[in-house]
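I have placed the structure first, in the form of structure tokens, so that the comments after it can refer back to it.
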Amino acid sequence: MQAPAGQFTAVKLRLRLRRQDGASFKDTAQLFWSTSRTPEGEAASVRFNVIGDGQWHAYTVPVSANSRWRGFITRLRLDPCNQPGVLI
């Protein structure tokens, strides 16, 4: 991909997270990106809270708040939660 970072202030996602045992949970997701000059990594990422209750939820991730959101974004990676056994 070749997305000009300056044209996007946020990434919008819809996620549905459900544990295999059906229990609801709250967790943190993380969106990573890379550019032609910056590798994917902790510094080029944003964490955000997610809800795991088996329902669809919309999330707006404010990527432009991170100073590494610049240039052309060449890749996105989503870590949707930190818990094992979650259906996404």
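In the structure tokens, the first chain shown is A, the next is B, and so on; residue numbers restart at 1 for each chain, and ligands run from 1 in the order shown.
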With a distance cut-off of 8 Å and only C-alpha atoms, select the neighbouring residues of Ala43 in chain A, excluding the residue or stretch itself and same-chain residues fewer than 2 positions from it, and output the selection as a list in words.
->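 Final neighbour list, sorted by chain and number: Gly41, Ser45 and Arg68 of chain A.
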Using only C-alpha atoms, which residues sit within 12 Å of Pro80 in chain A once same-chain residues fewer than 3 positions away are excluded, as an NGL selection string?
-> :A and (13-18 or 26-32 or 46-52 or 59 or 77 or 83-84 or 86-88)
I need the residues of range 3-88 of chain A that end up classed as strand (DSSP E or B) by DSSP on the backbone, written out as an mmCIF file with all heavy atoms, in the first residue's frame.
```cif
data_model
loop_
_atom_site.group_PDB
_atom_site.id
_atom_site.type_symbol
_atom_site.label_atom_id
_atom_site.label_comp_id
_atom_site.auth_asym_id
_atom_site.auth_seq_id
_atom_site.Cartn_x
_atom_site.Cartn_y
_atom_site.Cartn_z
ATOM 1 N N ALA A 3 -0.240 4.809 1.222
ATOM 2 C CA ALA A 3 -1.214 5.778 1.731
ATOM 3 C C ALA A 3 -0.483 6.988 2.298
ATOM 4 O O ALA A 3 0.339 6.842 3.207
ATOM 5 C CB ALA A 3 -2.065 5.139 2.817
ATOM 6 N N PRO A 4 -0.760 8.186 1.786
ATOM 7 C CA PRO A 4 -0.116 9.388 2.331
ATOM 8 C C PRO A 4 -0.650 9.683 3.737
ATOM 9 O O PRO A 4 -1.826 9.994 3.917
ATOM 10 C CB PRO A 4 -0.480 10.483 1.337
ATOM 11 C CG PRO A 4 -1.642 9.961 0.558
ATOM 12 C CD PRO A 4 -1.625 8.482 0.662
ATOM 13 N N VAL A 11 -7.593 5.756 11.843
ATOM 14 C CA VAL A 11 -7.963 4.513 11.175
ATOM 15 C C VAL A 11 -9.220 4.013 11.872
ATOM 16 O O VAL A 11 -9.258 3.935 13.107
ATOM 17 C CB VAL A 11 -6.838 3.464 11.273
ATOM 18 C CG1 VAL A 11 -7.294 2.117 10.742
ATOM 19 C CG2 VAL A 11 -5.598 3.948 10.531
ATOM 20 N N LYS A 12 -10.245 3.715 11.095
ATOM 21 C CA LYS A 12 -11.502 3.213 11.658
ATOM 22 C C LYS A 12 -11.602 1.720 11.407
ATOM 23 O O LYS A 12 -11.346 1.256 10.301
ATOM 24 C CB LYS A 12 -12.689 3.937 11.045
ATOM 25 C CG LYS A 12 -12.724 5.398 11.434
ATOM 26 C CD LYS A 12 -13.977 6.070 10.953
ATOM 27 C CE LYS A 12 -13.964 7.512 11.453
ATOM 28 N NZ LYS A 12 -15.241 8.156 11.239
ATOM 29 N N LEU A 13 -11.977 1.006 12.459
ATOM 30 C CA LEU A 13 -12.083 -0.450 12.398
ATOM 31 C C LEU A 13 -13.408 -0.909 13.002
ATOM 32 O O LEU A 13 -13.951 -0.237 13.883
ATOM 33 C CB LEU A 13 -10.990 -1.123 13.243
ATOM 34 C CG LEU A 13 -9.568 -0.693 13.148
ATOM 35 C CD1 LEU A 13 -8.825 -1.223 14.358
ATOM 36 C CD2 LEU A 13 -8.959 -1.272 11.901
ATOM 37 N N ARG A 14 -13.856 -2.054 12.566
ATOM 38 C CA ARG A 14 -14.956 -2.748 13.237
ATOM 39 C C ARG A 14 -14.435 -4.115 13.626
ATOM 40 O O ARG A 14 -13.884 -4.835 12.795
ATOM 41 C CB ARG A 14 -16.150 -2.913 12.299
ATOM 42 C CG ARG A 14 -16.941 -1.640 12.141
ATOM 43 C CD ARG A 14 -18.217 -1.862 11.364
ATOM 44 N NE ARG A 14 -19.120 -2.688 12.143
ATOM 45 C CZ ARG A 14 -19.931 -3.609 11.625
ATOM 46 N NH1 ARG A 14 -19.969 -3.825 10.339
ATOM 47 N NH2 ARG A 14 -20.715 -4.315 12.402
ATOM 48 N N LEU A 15 -14.578 -4.444 14.899
ATOM 49 C CA LEU A 15 -14.093 -5.730 15.404
ATOM 50 C C LEU A 15 -15.173 -6.407 16.228
ATOM 51 O O LEU A 15 -15.949 -5.747 16.930
ATOM 52 C CB LEU A 15 -12.877 -5.536 16.324
ATOM 53 C CG LEU A 15 -11.581 -5.049 15.725
ATOM 54 C CD1 LEU A 15 -10.577 -4.770 16.837
ATOM 55 C CD2 LEU A 15 -11.023 -6.088 14.772
ATOM 56 N N ARG A 16 -15.159 -7.711 16.168
ATOM 57 C CA ARG A 16 -15.995 -8.511 17.069
ATOM 58 C C ARG A 16 -15.064 -9.535 17.703
ATOM 59 O O ARG A 16 -14.488 -10.375 17.013
ATOM 60 C CB ARG A 16 -17.116 -9.202 16.288
ATOM 61 C CG ARG A 16 -18.016 -10.015 17.182
ATOM 62 C CD ARG A 16 -19.257 -10.480 16.473
ATOM 63 N NE ARG A 16 -18.921 -11.354 15.346
ATOM 64 C CZ ARG A 16 -19.832 -11.871 14.554
ATOM 65 N NH1 ARG A 16 -21.109 -11.601 14.715
ATOM 66 N NH2 ARG A 16 -19.468 -12.653 13.571
ATOM 67 N N ARG A 18 -14.536 -12.457 20.760
ATOM 68 C CA ARG A 18 -15.282 -13.345 21.663
ATOM 69 C C ARG A 18 -14.347 -14.428 22.166
ATOM 70 O O ARG A 18 -13.657 -15.083 21.379
ATOM 71 C CB ARG A 18 -16.450 -13.984 20.909
ATOM 72 C CG ARG A 18 -17.300 -14.890 21.766
ATOM 73 C CD ARG A 18 -18.529 -15.365 21.017
ATOM 74 N NE ARG A 18 -18.235 -16.064 19.783
ATOM 75 C CZ ARG A 18 -18.002 -17.371 19.676
ATOM 76 N NH1 ARG A 18 -18.008 -18.136 20.748
ATOM 77 N NH2 ARG A 18 -17.770 -17.911 18.497
ATOM 78 N N ARG A 19 -14.325 -14.571 23.481
ATOM 79 C CA ARG A 19 -13.543 -15.671 24.059
ATOM 80 C C ARG A 19 -14.264 -16.981 23.799
ATOM 81 O O ARG A 19 -15.486 -17.033 23.712
ATOM 82 C CB ARG A 19 -13.362 -15.475 25.560
ATOM 83 C CG ARG A 19 -12.313 -14.448 25.874
ATOM 84 C CD ARG A 19 -12.103 -14.210 27.328
ATOM 85 N NE ARG A 19 -12.240 -15.389 28.148
ATOM 86 C CZ ARG A 19 -11.783 -15.480 29.389
ATOM 87 N NH1 ARG A 19 -11.179 -14.465 29.937
ATOM 88 N NH2 ARG A 19 -11.964 -16.567 30.092
ATOM 89 N N PHE A 25 -14.781 -9.597 28.264
ATOM 90 C CA PHE A 25 -13.497 -9.096 28.747
ATOM 91 C C PHE A 25 -13.218 -7.731 28.136
ATOM 92 O O PHE A 25 -13.802 -7.346 27.135
ATOM 93 C CB PHE A 25 -12.366 -10.069 28.417
ATOM 94 C CG PHE A 25 -12.102 -10.229 26.944
ATOM 95 C CD1 PHE A 25 -11.125 -9.471 26.311
ATOM 96 C CD2 PHE A 25 -12.832 -11.133 26.180
ATOM 97 C CE1 PHE A 25 -10.890 -9.613 24.955
ATOM 98 C CE2 PHE A 25 -12.593 -11.281 24.825
ATOM 99 C CZ PHE A 25 -11.625 -10.525 24.212
ATOM 100 N N LYS A 26 -12.321 -7.008 28.770
ATOM 101 C CA LYS A 26 -11.777 -5.765 28.229
ATOM 102 C C LYS A 26 -10.288 -5.992 28.027
ATOM 103 O O LYS A 26 -9.644 -6.678 28.818
ATOM 104 C CB LYS A 26 -12.013 -4.598 29.188
ATOM 105 C CG LYS A 26 -13.473 -4.241 29.324
ATOM 106 C CD LYS A 26 -13.664 -3.058 30.239
ATOM 107 C CE LYS A 26 -15.147 -2.734 30.338
ATOM 108 N NZ LYS A 26 -15.392 -1.593 31.217
ATOM 109 N N ASP A 27 -9.754 -5.411 26.959
ATOM 110 C CA ASP A 27 -8.350 -5.631 26.646
ATOM 111 C C ASP A 27 -7.826 -4.430 25.853
ATOM 112 O O ASP A 27 -8.547 -3.456 25.650
ATOM 113 C CB ASP A 27 -8.197 -6.922 25.845
ATOM 114 C CG ASP A 27 -6.811 -7.543 25.956
ATOM 115 O OD1 ASP A 27 -5.878 -6.873 26.446
ATOM 116 O OD2 ASP A 27 -6.654 -8.692 25.529
ATOM 117 N N THR A 28 -6.591 -4.550 25.413
ATOM 118 C CA THR A 28 -5.952 -3.516 24.613
ATOM 119 C C THR A 28 -5.524 -4.105 23.284
ATOM 120 O O THR A 28 -4.915 -5.175 23.248
ATOM 121 C CB THR A 28 -4.718 -2.956 25.347
ATOM 122 O OG1 THR A 28 -5.121 -2.469 26.618
ATOM 123 C CG2 THR A 28 -4.081 -1.826 24.570
ATOM 124 N N ALA A 29 -5.849 -3.401 22.199
ATOM 125 C CA ALA A 29 -5.378 -3.759 20.862
ATOM 126 C C ALA A 29 -4.248 -2.800 20.501
ATOM 127 O O ALA A 29 -4.059 -1.772 21.152
ATOM 128 C CB ALA A 29 -6.513 -3.642 19.855
ATOM 129 N N GLN A 30 -3.515 -3.149 19.440
ATOM 130 C CA GLN A 30 -2.430 -2.284 19.007
ATOM 131 C C GLN A 30 -2.353 -2.300 17.479
ATOM 132 O O GLN A 30 -2.360 -3.372 16.867
ATOM 133 C CB GLN A 30 -1.106 -2.752 19.613
ATOM 134 C CG GLN A 30 0.030 -1.785 19.450
ATOM 135 C CD GLN A 30 1.219 -2.154 20.328
ATOM 136 O OE1 GLN A 30 1.245 -3.210 20.970
ATOM 137 N NE2 GLN A 30 2.213 -1.299 20.365
ATOM 138 N N LEU A 31 -2.309 -1.100 16.900
ATOM 139 C CA LEU A 31 -2.172 -0.943 15.460
ATOM 140 C C LEU A 31 -0.755 -0.462 15.165
ATOM 141 O O LEU A 31 -0.313 0.561 15.695
ATOM 142 C CB LEU A 31 -3.194 0.069 14.931
ATOM 143 C CG LEU A 31 -3.166 0.309 13.429
ATOM 144 C CD1 LEU A 31 -3.650 -0.935 12.678
ATOM 145 C CD2 LEU A 31 -4.008 1.515 13.057
ATOM 146 N N PHE A 32 -0.046 -1.213 14.340
ATOM 147 C CA PHE A 32 1.325 -0.895 13.925
ATOM 148 C C PHE A 32 1.316 -0.468 12.465
ATOM 149 O O PHE A 32 0.434 -0.860 11.708
ATOM 150 C CB PHE A 32 2.215 -2.139 14.019
ATOM 151 C CG PHE A 32 2.393 -2.690 15.397
ATOM 152 C CD1 PHE A 32 1.466 -3.587 15.916
ATOM 153 C CD2 PHE A 32 3.495 -2.348 16.153
ATOM 154 C CE1 PHE A 32 1.641 -4.130 17.170
ATOM 155 C CE2 PHE A 32 3.678 -2.883 17.420
ATOM 156 C CZ PHE A 32 2.749 -3.771 17.929
ATOM 157 N N TRP A 33 2.325 0.288 12.062
ATOM 158 C CA TRP A 33 2.483 0.634 10.653
ATOM 159 C C TRP A 33 3.951 0.755 10.324
ATOM 160 O O TRP A 33 4.809 0.873 11.200
ATOM 161 C CB TRP A 33 1.759 1.929 10.294
ATOM 162 C CG TRP A 33 2.252 3.125 11.057
ATOM 163 C CD1 TRP A 33 3.295 3.946 10.727
ATOM 164 C CD2 TRP A 33 1.742 3.612 12.286
ATOM 165 N NE1 TRP A 33 3.460 4.923 11.674
ATOM 166 C CE2 TRP A 33 2.505 4.738 12.647
ATOM 167 C CE3 TRP A 33 0.698 3.218 13.119
ATOM 168 C CZ2 TRP A 33 2.267 5.464 13.809
ATOM 169 C CZ3 TRP A 33 0.465 3.945 14.270
ATOM 170 C CH2 TRP A 33 1.239 5.048 14.605
ATOM 171 N N SER A 34 4.233 0.723 9.038
ATOM 172 C CA SER A 34 5.585 0.981 8.565
ATOM 173 C C SER A 34 5.499 1.931 7.375
ATOM 174 O O SER A 34 4.448 2.075 6.749
ATOM 175 C CB SER A 34 6.307 -0.316 8.180
ATOM 176 O OG SER A 34 5.603 -0.996 7.175
ATOM 177 N N THR A 35 6.614 2.590 7.120
ATOM 178 C CA THR A 35 6.733 3.484 5.964
ATOM 179 C C THR A 35 7.972 3.045 5.186
ATOM 180 O O THR A 35 8.694 2.135 5.614
ATOM 181 C CB THR A 35 6.889 4.961 6.391
ATOM 182 O OG1 THR A 35 8.181 5.140 6.979
ATOM 183 C CG2 THR A 35 5.808 5.387 7.362
ATOM 184 N N SER A 45 3.263 2.826 16.484
ATOM 185 C CA SER A 45 2.043 2.094 16.819
ATOM 186 C C SER A 45 1.172 2.929 17.752
ATOM 187 O O SER A 45 1.637 3.906 18.338
ATOM 188 C CB SER A 45 2.368 0.757 17.486
ATOM 189 O OG SER A 45 2.845 0.946 18.809
ATOM 190 N N VAL A 46 -0.076 2.520 17.856
ATOM 191 C CA VAL A 46 -1.023 3.135 18.783
ATOM 192 C C VAL A 46 -1.807 2.009 19.458
ATOM 193 O O VAL A 46 -2.263 1.088 18.795
ATOM 194 C CB VAL A 46 -2.010 4.081 18.052
ATOM 195 C CG1 VAL A 46 -3.081 4.602 18.987
ATOM 196 C CG2 VAL A 46 -1.269 5.232 17.404
ATOM 197 N N ARG A 47 -1.921 2.112 20.774
ATOM 198 C CA ARG A 47 -2.741 1.163 21.538
ATOM 199 C C ARG A 47 -4.125 1.772 21.753
ATOM 200 O O ARG A 47 -4.262 2.984 21.888
ATOM 201 C CB ARG A 47 -2.110 0.877 22.896
ATOM 202 C CG ARG A 47 -0.802 0.146 22.808
ATOM 203 C CD ARG A 47 -0.205 -0.045 24.208
ATOM 204 N NE ARG A 47 1.126 -0.567 24.127
ATOM 205 C CZ ARG A 47 1.432 -1.863 24.127
ATOM 206 N NH1 ARG A 47 0.475 -2.758 24.219
ATOM 207 N NH2 ARG A 47 2.686 -2.252 24.043
ATOM 208 N N PHE A 48 -5.134 0.897 21.813
ATOM 209 C CA PHE A 48 -6.488 1.362 22.090
ATOM 210 C C PHE A 48 -7.268 0.246 22.779
ATOM 211 O O PHE A 48 -6.951 -0.938 22.640
ATOM 212 C CB PHE A 48 -7.197 1.843 20.807
ATOM 213 C CG PHE A 48 -7.310 0.804 19.724
ATOM 214 C CD1 PHE A 48 -8.490 0.109 19.532
ATOM 215 C CD2 PHE A 48 -6.237 0.538 18.877
ATOM 216 C CE1 PHE A 48 -8.606 -0.838 18.532
ATOM 217 C CE2 PHE A 48 -6.345 -0.407 17.872
ATOM 218 C CZ PHE A 48 -7.526 -1.096 17.698
ATOM 219 N N ASN A 49 -8.254 0.654 23.569
ATOM 220 C CA ASN A 49 -9.057 -0.295 24.340
ATOM 221 C C ASN A 49 -10.081 -0.984 23.450
ATOM 222 O O ASN A 49 -10.660 -0.356 22.558
ATOM 223 C CB ASN A 49 -9.779 0.414 25.483
ATOM 224 C CG ASN A 49 -8.800 0.963 26.498
ATOM 225 O OD1 ASN A 49 -7.774 0.369 26.772
ATOM 226 N ND2 ASN A 49 -9.112 2.113 27.046
ATOM 227 N N VAL A 50 -10.281 -2.280 23.704
ATOM 228 C CA VAL A 50 -11.281 -3.058 22.984
ATOM 229 C C VAL A 50 -12.155 -3.808 23.983
ATOM 230 O O VAL A 50 -11.762 -4.038 25.129
ATOM 231 C CB VAL A 50 -10.646 -4.052 21.988
ATOM 232 C CG1 VAL A 50 -9.963 -3.330 20.847
ATOM 233 C CG2 VAL A 50 -9.667 -4.990 22.674
ATOM 234 N N ILE A 51 -13.347 -4.177 23.511
ATOM 235 C CA ILE A 51 -14.316 -4.915 24.322
ATOM 236 C C ILE A 51 -14.547 -6.267 23.669
ATOM 237 O O ILE A 51 -14.829 -6.340 22.472
ATOM 238 C CB ILE A 51 -15.647 -4.148 24.414
ATOM 239 C CG1 ILE A 51 -15.423 -2.787 25.046
ATOM 240 C CG2 ILE A 51 -16.684 -4.956 25.188
ATOM 241 C CD1 ILE A 51 -16.600 -1.856 24.913
ATOM 242 N N GLY A 52 -14.437 -7.304 24.443
ATOM 243 C CA GLY A 52 -14.697 -8.651 23.950
ATOM 244 C C GLY A 52 -15.987 -9.180 24.545
ATOM 245 O O GLY A 52 -15.994 -9.722 25.643
ATOM 246 N N TRP A 56 -20.303 -6.583 17.629
ATOM 247 C CA TRP A 56 -19.504 -5.712 16.773
ATOM 248 C C TRP A 56 -19.323 -4.361 17.461
ATOM 249 O O TRP A 56 -20.270 -3.826 18.016
ATOM 250 C CB TRP A 56 -20.185 -5.493 15.423
ATOM 251 C CG TRP A 56 -20.082 -6.679 14.517
ATOM 252 C CD1 TRP A 56 -21.058 -7.605 14.288
ATOM 253 C CD2 TRP A 56 -18.959 -7.068 13.735
ATOM 254 N NE1 TRP A 56 -20.611 -8.544 13.406
ATOM 255 C CE2 TRP A 56 -19.317 -8.239 13.049
ATOM 256 C CE3 TRP A 56 -17.686 -6.546 13.555
ATOM 257 C CZ2 TRP A 56 -18.439 -8.893 12.191
ATOM 258 C CZ3 TRP A 56 -16.821 -7.199 12.699
ATOM 259 C CH2 TRP A 56 -17.191 -8.358 12.021
ATOM 260 N N HIS A 57 -18.108 -3.843 17.408
ATOM 261 C CA HIS A 57 -17.800 -2.525 17.960
ATOM 262 C C HIS A 57 -16.965 -1.760 16.941
ATOM 263 O O HIS A 57 -16.101 -2.335 16.271
ATOM 264 C CB HIS A 57 -17.022 -2.635 19.273
ATOM 265 C CG HIS A 57 -17.791 -3.261 20.367
ATOM 266 N ND1 HIS A 57 -18.656 -2.553 21.158
ATOM 267 C CD2 HIS A 57 -17.856 -4.555 20.795
ATOM 268 C CE1 HIS A 57 -19.213 -3.367 22.044
ATOM 269 N NE2 HIS A 57 -18.747 -4.588 21.833
ATOM 270 N N ALA A 58 -17.232 -0.461 16.830
ATOM 271 C CA ALA A 58 -16.461 0.413 15.948
ATOM 272 C C ALA A 58 -15.406 1.134 16.787
ATOM 273 O O ALA A 58 -15.697 1.609 17.881
ATOM 274 C CB ALA A 58 -17.372 1.422 15.269
ATOM 275 N N TYR A 59 -14.203 1.200 16.254
ATOM 276 C CA TYR A 59 -13.100 1.865 16.937
ATOM 277 C C TYR A 59 -12.472 2.878 15.990
ATOM 278 O O TYR A 59 -12.286 2.598 14.812
ATOM 279 C CB TYR A 59 -12.032 0.848 17.366
ATOM 280 C CG TYR A 59 -12.561 -0.212 18.300
ATOM 281 C CD1 TYR A 59 -12.947 -1.453 17.815
ATOM 282 C CD2 TYR A 59 -12.694 0.043 19.662
ATOM 283 C CE1 TYR A 59 -13.449 -2.428 18.675
ATOM 284 C CE2 TYR A 59 -13.193 -0.921 20.521
ATOM 285 C CZ TYR A 59 -13.568 -2.158 20.015
ATOM 286 O OH TYR A 59 -14.069 -3.098 20.867
ATOM 287 N N THR A 60 -12.138 4.026 16.517
ATOM 288 C CA THR A 60 -11.415 5.049 15.769
ATOM 289 C C THR A 60 -10.054 5.206 16.439
ATOM 290 O O THR A 60 -9.977 5.601 17.602
ATOM 291 C CB THR A 60 -12.180 6.386 15.775
ATOM 292 O OG1 THR A 60 -13.462 6.172 15.170
ATOM 293 C CG2 THR A 60 -11.430 7.446 14.989
ATOM 294 N N VAL A 61 -9.021 4.857 15.718
ATOM 295 C CA VAL A 61 -7.656 4.869 16.247
ATOM 296 C C VAL A 61 -6.972 6.161 15.779
ATOM 297 O O VAL A 61 -6.736 6.338 14.589
ATOM 298 C CB VAL A 61 -6.873 3.633 15.763
ATOM 299 C CG1 VAL A 61 -5.498 3.582 16.410
ATOM 300 C CG2 VAL A 61 -7.654 2.349 16.048
ATOM 301 N N PHE A 72 4.641 8.055 3.608
ATOM 302 C CA PHE A 72 3.707 7.117 2.994
ATOM 303 C C PHE A 72 3.649 5.841 3.815
ATOM 304 O O PHE A 72 4.675 5.187 4.027
ATOM 305 C CB PHE A 72 4.117 6.797 1.551
ATOM 306 C CG PHE A 72 3.776 7.901 0.603
ATOM 307 C CD1 PHE A 72 4.677 8.920 0.363
ATOM 308 C CD2 PHE A 72 2.543 7.929 -0.027
ATOM 309 C CE1 PHE A 72 4.363 9.950 -0.505
ATOM 310 C CE2 PHE A 72 2.214 8.959 -0.889
ATOM 311 C CZ PHE A 72 3.119 9.969 -1.125
ATOM 312 N N ILE A 73 2.471 5.511 4.266
ATOM 313 C CA ILE A 73 2.269 4.289 5.041
ATOM 314 C C ILE A 73 2.269 3.124 4.058
ATOM 315 O O ILE A 73 1.484 3.098 3.112
ATOM 316 C CB ILE A 73 0.942 4.345 5.835
ATOM 317 C CG1 ILE A 73 0.876 5.603 6.703
ATOM 318 C CG2 ILE A 73 0.754 3.073 6.648
ATOM 319 C CD1 ILE A 73 2.020 5.794 7.667
ATOM 320 N N THR A 74 3.148 2.163 4.294
ATOM 321 C CA THR A 74 3.282 1.038 3.367
ATOM 322 C C THR A 74 2.703 -0.266 3.909
ATOM 323 O O THR A 74 2.510 -1.212 3.150
ATOM 324 C CB THR A 74 4.766 0.813 3.013
ATOM 325 O OG1 THR A 74 5.516 0.591 4.221
ATOM 326 C CG2 THR A 74 5.333 2.016 2.272
ATOM 327 N N ARG A 75 2.420 -0.297 5.206
ATOM 328 C CA ARG A 75 1.908 -1.539 5.789
ATOM 329 C C ARG A 75 1.209 -1.232 7.095
ATOM 330 O O ARG A 75 1.654 -0.373 7.861
ATOM 331 C CB ARG A 75 3.075 -2.492 6.055
ATOM 332 C CG ARG A 75 2.674 -3.832 6.615
ATOM 333 C CD ARG A 75 3.893 -4.765 6.643
ATOM 334 N NE ARG A 75 3.486 -6.100 6.954
ATOM 335 C CZ ARG A 75 3.543 -6.650 8.173
ATOM 336 N NH1 ARG A 75 4.005 -5.958 9.181
ATOM 337 N NH2 ARG A 75 3.140 -7.879 8.378
ATOM 338 N N LEU A 76 0.120 -1.946 7.369
ATOM 339 C CA LEU A 76 -0.573 -1.899 8.662
ATOM 340 C C LEU A 76 -0.594 -3.298 9.248
ATOM 341 O O LEU A 76 -0.710 -4.288 8.508
ATOM 342 C CB LEU A 76 -2.016 -1.413 8.500
ATOM 343 C CG LEU A 76 -2.229 0.010 8.024
ATOM 344 C CD1 LEU A 76 -3.713 0.255 7.788
ATOM 345 C CD2 LEU A 76 -1.688 1.004 9.026
ATOM 346 N N ARG A 77 -0.494 -3.372 10.568
ATOM 347 C CA ARG A 77 -0.631 -4.652 11.271
ATOM 348 C C ARG A 77 -1.470 -4.421 12.506
ATOM 349 O O ARG A 77 -1.223 -3.486 13.267
ATOM 350 C CB ARG A 77 0.737 -5.190 11.698
ATOM 351 C CG ARG A 77 0.625 -6.547 12.398
ATOM 352 C CD ARG A 77 1.958 -7.016 12.935
ATOM 353 N NE ARG A 77 1.940 -6.938 14.390
ATOM 354 C CZ ARG A 77 3.012 -6.855 15.140
ATOM 355 N NH1 ARG A 77 4.209 -6.788 14.615
ATOM 356 N NH2 ARG A 77 2.909 -6.801 16.448
ATOM 357 N N LEU A 78 -2.457 -5.267 12.729
ATOM 358 C CA LEU A 78 -3.324 -5.157 13.893
ATOM 359 C C LEU A 78 -3.110 -6.344 14.808
ATOM 360 O O LEU A 78 -3.200 -7.492 14.384
ATOM 361 C CB LEU A 78 -4.790 -5.108 13.457
ATOM 362 C CG LEU A 78 -5.813 -5.091 14.591
ATOM 363 C CD1 LEU A 78 -5.705 -3.816 15.414
ATOM 364 C CD2 LEU A 78 -7.218 -5.262 14.030
ATOM 365 N N ASP A 79 -2.809 -6.055 16.075
ATOM 366 C CA ASP A 79 -2.839 -7.060 17.136
ATOM 367 C C ASP A 79 -4.139 -6.796 17.892
ATOM 368 O O ASP A 79 -4.218 -5.832 18.661
ATOM 369 C CB ASP A 79 -1.635 -6.924 18.073
ATOM 370 C CG ASP A 79 -0.320 -7.324 17.408
ATOM 371 O OD1 ASP A 79 -0.344 -7.731 16.234
ATOM 372 O OD2 ASP A 79 0.725 -7.216 18.067
ATOM 373 N N VAL A 86 -9.123 -16.187 21.788
ATOM 374 C CA VAL A 86 -10.137 -15.214 21.390
ATOM 375 C C VAL A 86 -10.446 -15.393 19.905
ATOM 376 O O VAL A 86 -9.543 -15.470 19.079
ATOM 377 C CB VAL A 86 -9.670 -13.766 21.667
ATOM 378 C CG1 VAL A 86 -10.657 -12.762 21.111
ATOM 379 C CG2 VAL A 86 -9.475 -13.558 23.159
ATOM 380 N N LEU A 87 -11.725 -15.466 19.581
ATOM 381 C CA LEU A 87 -12.161 -15.520 18.197
ATOM 382 C C LEU A 87 -12.370 -14.101 17.703
ATOM 383 O O LEU A 87 -12.998 -13.301 18.372
ATOM 384 C CB LEU A 87 -13.464 -16.308 18.086
ATOM 385 C CG LEU A 87 -13.404 -17.744 18.597
ATOM 386 C CD1 LEU A 87 -14.773 -18.371 18.592
ATOM 387 C CD2 LEU A 87 -12.440 -18.565 17.756
#
```
Have a look at A:Ala44, A:Ala23, A:Cys81, A:Met1 and name the one nearest to Ser67 in chain A; count only C-alpha atoms.
->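 Looking only at the distances to Ser67 in chain A, the closest residue turns out to be A:Ala44.
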